[in-house]
Amino acid sequence: MESLARGGTRWKRFAVVMVPSVAATAAIGVAIAQGALAASFSVSGQQFKVTAKELDGTGFVQYGALDKGKDGQHPVAVVGLDSAEITKLCQSVVVPVPVFGDVTMQLKAGGEGGPKVLAKKLYIDADDLQTNATFTNVDIGVSVDDTTKGPGPAKPGEGGRGAYLPGSFAQQAEHVLFKDVKQRAWATTAGTFQLSGLHMSVSRGKNECY
């Protein structure tokens, strides 16, 4: 009985501490827009996984950067979008809890048949992306400083995405359509992030989106 009580206490404490961090992911764009959250931050030492049945975006830019964290720097490909509509979004992160074991936090929104997830000024910092992509009016090999079709790169040192190399390789497009998206990311930021039909869950074990 004593071990069960201790286990219950650990779980409650974990839930109190970690559940708000998942909710913060949904609210981060609103907080930034209202000035309640600084746009500069250090990424955590954990990656998260994201899937989507479809991402329909306008104003696309992609370039390389280094995300900074307490455990060092992480090379990423940053995708920036002026606006995006996302169908069947899933985001998950596995948190290893000492003694208790792995716990998965999962967020779902924009299910089929309902309103889509809407985002503006969206940036995704990923080191792995799998999708079927269609680009409209694409420019490949443009200087990152001269991109005009998307939100442009974040300023060096701004946000978790750290500095990029001025004049380095980038690509841009007027419109992108990603289908069957799977990605592993370090950070996501947005000016606004509207999650219709949001469902957040916390479960024991590894229950990732993919």
# chains A, B, ... in the order shown; residues from 1 in each chain; ligands from 1
$ residues_around --residues "Phe169 in chain A" --least-positions-apart "5" --cutoff "9 Å" --atoms "only C-alpha atoms" --output "PyMOL selection string"
chain A and resi 62-64+140-144
$ write_last_selection --atoms "all heavy atoms" --output "PDB file, in the first residue's frame"
ATOM      1  N   GLN A  62      12.221  28.146 -46.411  1.00  0.00           N
ATOM      2  CA  GLN A  62      12.942  27.115 -45.658  1.00  0.00           C
ATOM      3  C   GLN A  62      14.431  27.418 -45.706  1.00  0.00           C
ATOM      4  O   GLN A  62      14.975  27.755 -46.757  1.00  0.00           O
ATOM      5  CB  GLN A  62      12.672  25.728 -46.225  1.00  0.00           C
ATOM      6  CG  GLN A  62      13.312  24.604 -45.407  1.00  0.00           C
ATOM      7  CD  GLN A  62      12.989  23.230 -45.958  1.00  0.00           C
ATOM      8  OE1 GLN A  62      13.032  23.011 -47.165  1.00  0.00           O
ATOM      9  NE2 GLN A  62      12.650  22.302 -45.079  1.00  0.00           N
ATOM     10  N   TYR A  63      15.086  27.299 -44.545  1.00  0.00           N
ATOM     11  CA  TYR A  63      16.514  27.573 -44.466  1.00  0.00           C
ATOM     12  C   TYR A  63      17.101  26.824 -43.272  1.00  0.00           C
ATOM     13  O   TYR A  63      16.372  26.306 -42.421  1.00  0.00           O
ATOM     14  CB  TYR A  63      16.767  29.081 -44.314  1.00  0.00           C
ATOM     15  CG  TYR A  63      16.141  29.687 -43.081  1.00  0.00           C
ATOM     16  CD1 TYR A  63      16.869  29.851 -41.906  1.00  0.00           C
ATOM     17  CD2 TYR A  63      14.809  30.088 -43.072  1.00  0.00           C
ATOM     18  CE1 TYR A  63      16.296  30.392 -40.767  1.00  0.00           C
ATOM     19  CE2 TYR A  63      14.223  30.630 -41.943  1.00  0.00           C
ATOM     20  CZ  TYR A  63      14.968  30.780 -40.791  1.00  0.00           C
ATOM     21  OH  TYR A  63      14.386  31.309 -39.666  1.00  0.00           O
ATOM     22  N   GLY A  64      18.412  26.760 -43.200  1.00  0.00           N
ATOM     23  CA  GLY A  64      19.081  26.063 -42.115  1.00  0.00           C
ATOM     24  C   GLY A  64      19.428  26.993 -40.971  1.00  0.00           C
ATOM     25  O   GLY A  64      19.689  28.185 -41.173  1.00  0.00           O
ATOM     26  N   ILE A 140      14.578  27.697 -55.660  1.00  0.00           N
ATOM     27  CA  ILE A 140      15.504  26.882 -54.890  1.00  0.00           C
ATOM     28  C   ILE A 140      16.908  27.440 -55.041  1.00  0.00           C
ATOM     29  O   ILE A 140      17.380  27.670 -56.150  1.00  0.00           O
ATOM     30  CB  ILE A 140      15.463  25.414 -55.361  1.00  0.00           C
ATOM     31  CG1 ILE A 140      14.049  24.849 -55.202  1.00  0.00           C
ATOM     32  CG2 ILE A 140      16.465  24.564 -54.582  1.00  0.00           C
ATOM     33  CD1 ILE A 140      13.886  23.452 -55.778  1.00  0.00           C
ATOM     34  N   GLY A 141      17.569  27.692 -53.932  1.00  0.00           N
ATOM     35  CA  GLY A 141      18.923  28.220 -53.966  1.00  0.00           C
ATOM     36  C   GLY A 141      19.008  29.721 -53.781  1.00  0.00           C
ATOM     37  O   GLY A 141      20.076  30.309 -53.960  1.00  0.00           O
ATOM     38  N   VAL A 142      17.906  30.364 -53.404  1.00  0.00           N
ATOM     39  CA  VAL A 142      17.928  31.802 -53.147  1.00  0.00           C
ATOM     40  C   VAL A 142      18.647  32.077 -51.829  1.00  0.00           C
ATOM     41  O   VAL A 142      18.666  31.234 -50.934  1.00  0.00           O
ATOM     42  CB  VAL A 142      16.480  32.354 -53.096  1.00  0.00           C
ATOM     43  CG1 VAL A 142      15.708  31.754 -51.934  1.00  0.00           C
ATOM     44  CG2 VAL A 142      16.464  33.869 -53.024  1.00  0.00           C
ATOM     45  N   SER A 143      19.283  33.244 -51.706  1.00  0.00           N
ATOM     46  CA  SER A 143      19.914  33.627 -50.441  1.00  0.00           C
ATOM     47  C   SER A 143      18.847  33.806 -49.372  1.00  0.00           C
ATOM     48  O   SER A 143      17.803  34.397 -49.624  1.00  0.00           O
ATOM     49  CB  SER A 143      20.694  34.935 -50.612  1.00  0.00           C
ATOM     50  OG  SER A 143      21.070  35.467 -49.354  1.00  0.00           O
ATOM     51  N   VAL A 144      19.116  33.311 -48.181  1.00  0.00           N
ATOM     52  CA  VAL A 144      18.147  33.404 -47.100  1.00  0.00           C
ATOM     53  C   VAL A 144      17.771  34.857 -46.817  1.00  0.00           C
ATOM     54  O   VAL A 144      16.648  35.159 -46.428  1.00  0.00           O
ATOM     55  CB  VAL A 144      18.688  32.709 -45.816  1.00  0.00           C
ATOM     56  CG1 VAL A 144      19.926  33.418 -45.304  1.00  0.00           C
ATOM     57  CG2 VAL A 144      17.620  32.651 -44.748  1.00  0.00           C
TER      58      VAL A 144
END
$ residues_around --residues "Gln172 in chain A" --least-positions-apart "2" --cutoff "6 Å" --atoms "only C-alpha atoms" --output "ChimeraX atom specification"
/A:60-61,138-139
$ closest_residue --among "A:Thr147, A:Gln183, A:Thr131, A:Thr192" --to "Val76 in chain A" --atoms "only C-alpha atoms"
A:Gln183
$ residues_around --residues "Ala185 in chain A" --least-positions-apart "2" --cutoff "8 Å" --atoms "only C-alpha atoms" --output "tab-separated table (two decimals) with N, CA and C atoms, in the first residue's frame"
chain	number	residue	atom	x	y	z
A	47	GLN	N	12.98	16.32	-28.16
A	47	GLN	CA	12.27	16.55	-29.41
A	47	GLN	C	10.83	16.07	-29.28
A	48	PHE	N	9.99	16.51	-30.20
A	48	PHE	CA	8.62	16.01	-30.23
A	48	PHE	C	8.27	15.64	-31.67
A	49	LYS	N	7.24	14.81	-31.80
A	49	LYS	CA	6.82	14.34	-33.12
A	49	LYS	C	5.48	14.95	-33.50
A	50	VAL	N	5.34	15.22	-34.79
A	50	VAL	CA	4.12	15.84	-35.31
A	50	VAL	C	3.69	15.10	-36.57
A	124	ILE	N	8.52	26.21	-37.93
A	124	ILE	CA	8.73	24.86	-37.42
A	124	ILE	C	10.21	24.52	-37.58
A	125	ASP	N	10.85	24.15	-36.49
A	125	ASP	CA	12.27	23.80	-36.49
A	125	ASP	C	12.39	22.28	-36.41
A	126	ALA	N	12.72	21.64	-37.53
A	126	ALA	CA	12.72	20.17	-37.58
A	126	ALA	C	14.05	19.65	-38.09
A	127	ASP	N	14.38	18.42	-37.67
A	127	ASP	CA	15.58	17.77	-38.22
A	127	ASP	C	15.22	16.51	-39.00
A	128	ASP	N	13.92	16.23	-39.13
A	128	ASP	CA	13.48	15.10	-39.95
A	128	ASP	C	12.06	15.38	-40.45
A	183	GLN	N	7.00	14.48	-38.93
A	183	GLN	CA	8.20	15.25	-38.67
A	183	GLN	C	8.62	15.16	-37.21
A	187	ALA	N	11.21	22.77	-32.01
A	187	ALA	CA	10.43	23.93	-31.58
A	187	ALA	C	9.41	24.32	-32.65
A	188	THR	N	8.31	24.92	-32.20
A	188	THR	CA	7.30	25.51	-33.09
A	188	THR	C	6.85	26.83	-32.47
$ closest_residue --among "A:Thr51, A:Thr189, A:Ser201, A:Asn207" --to "Lys120 in chain A" --atoms "only C-alpha atoms"
A:Thr189
$ closest_residue --among "A:Thr87, A:Thr136, A:Lys108, A:Gln171" --to "Cys209 in chain A" --atoms "only C-alpha atoms"
A:Lys108
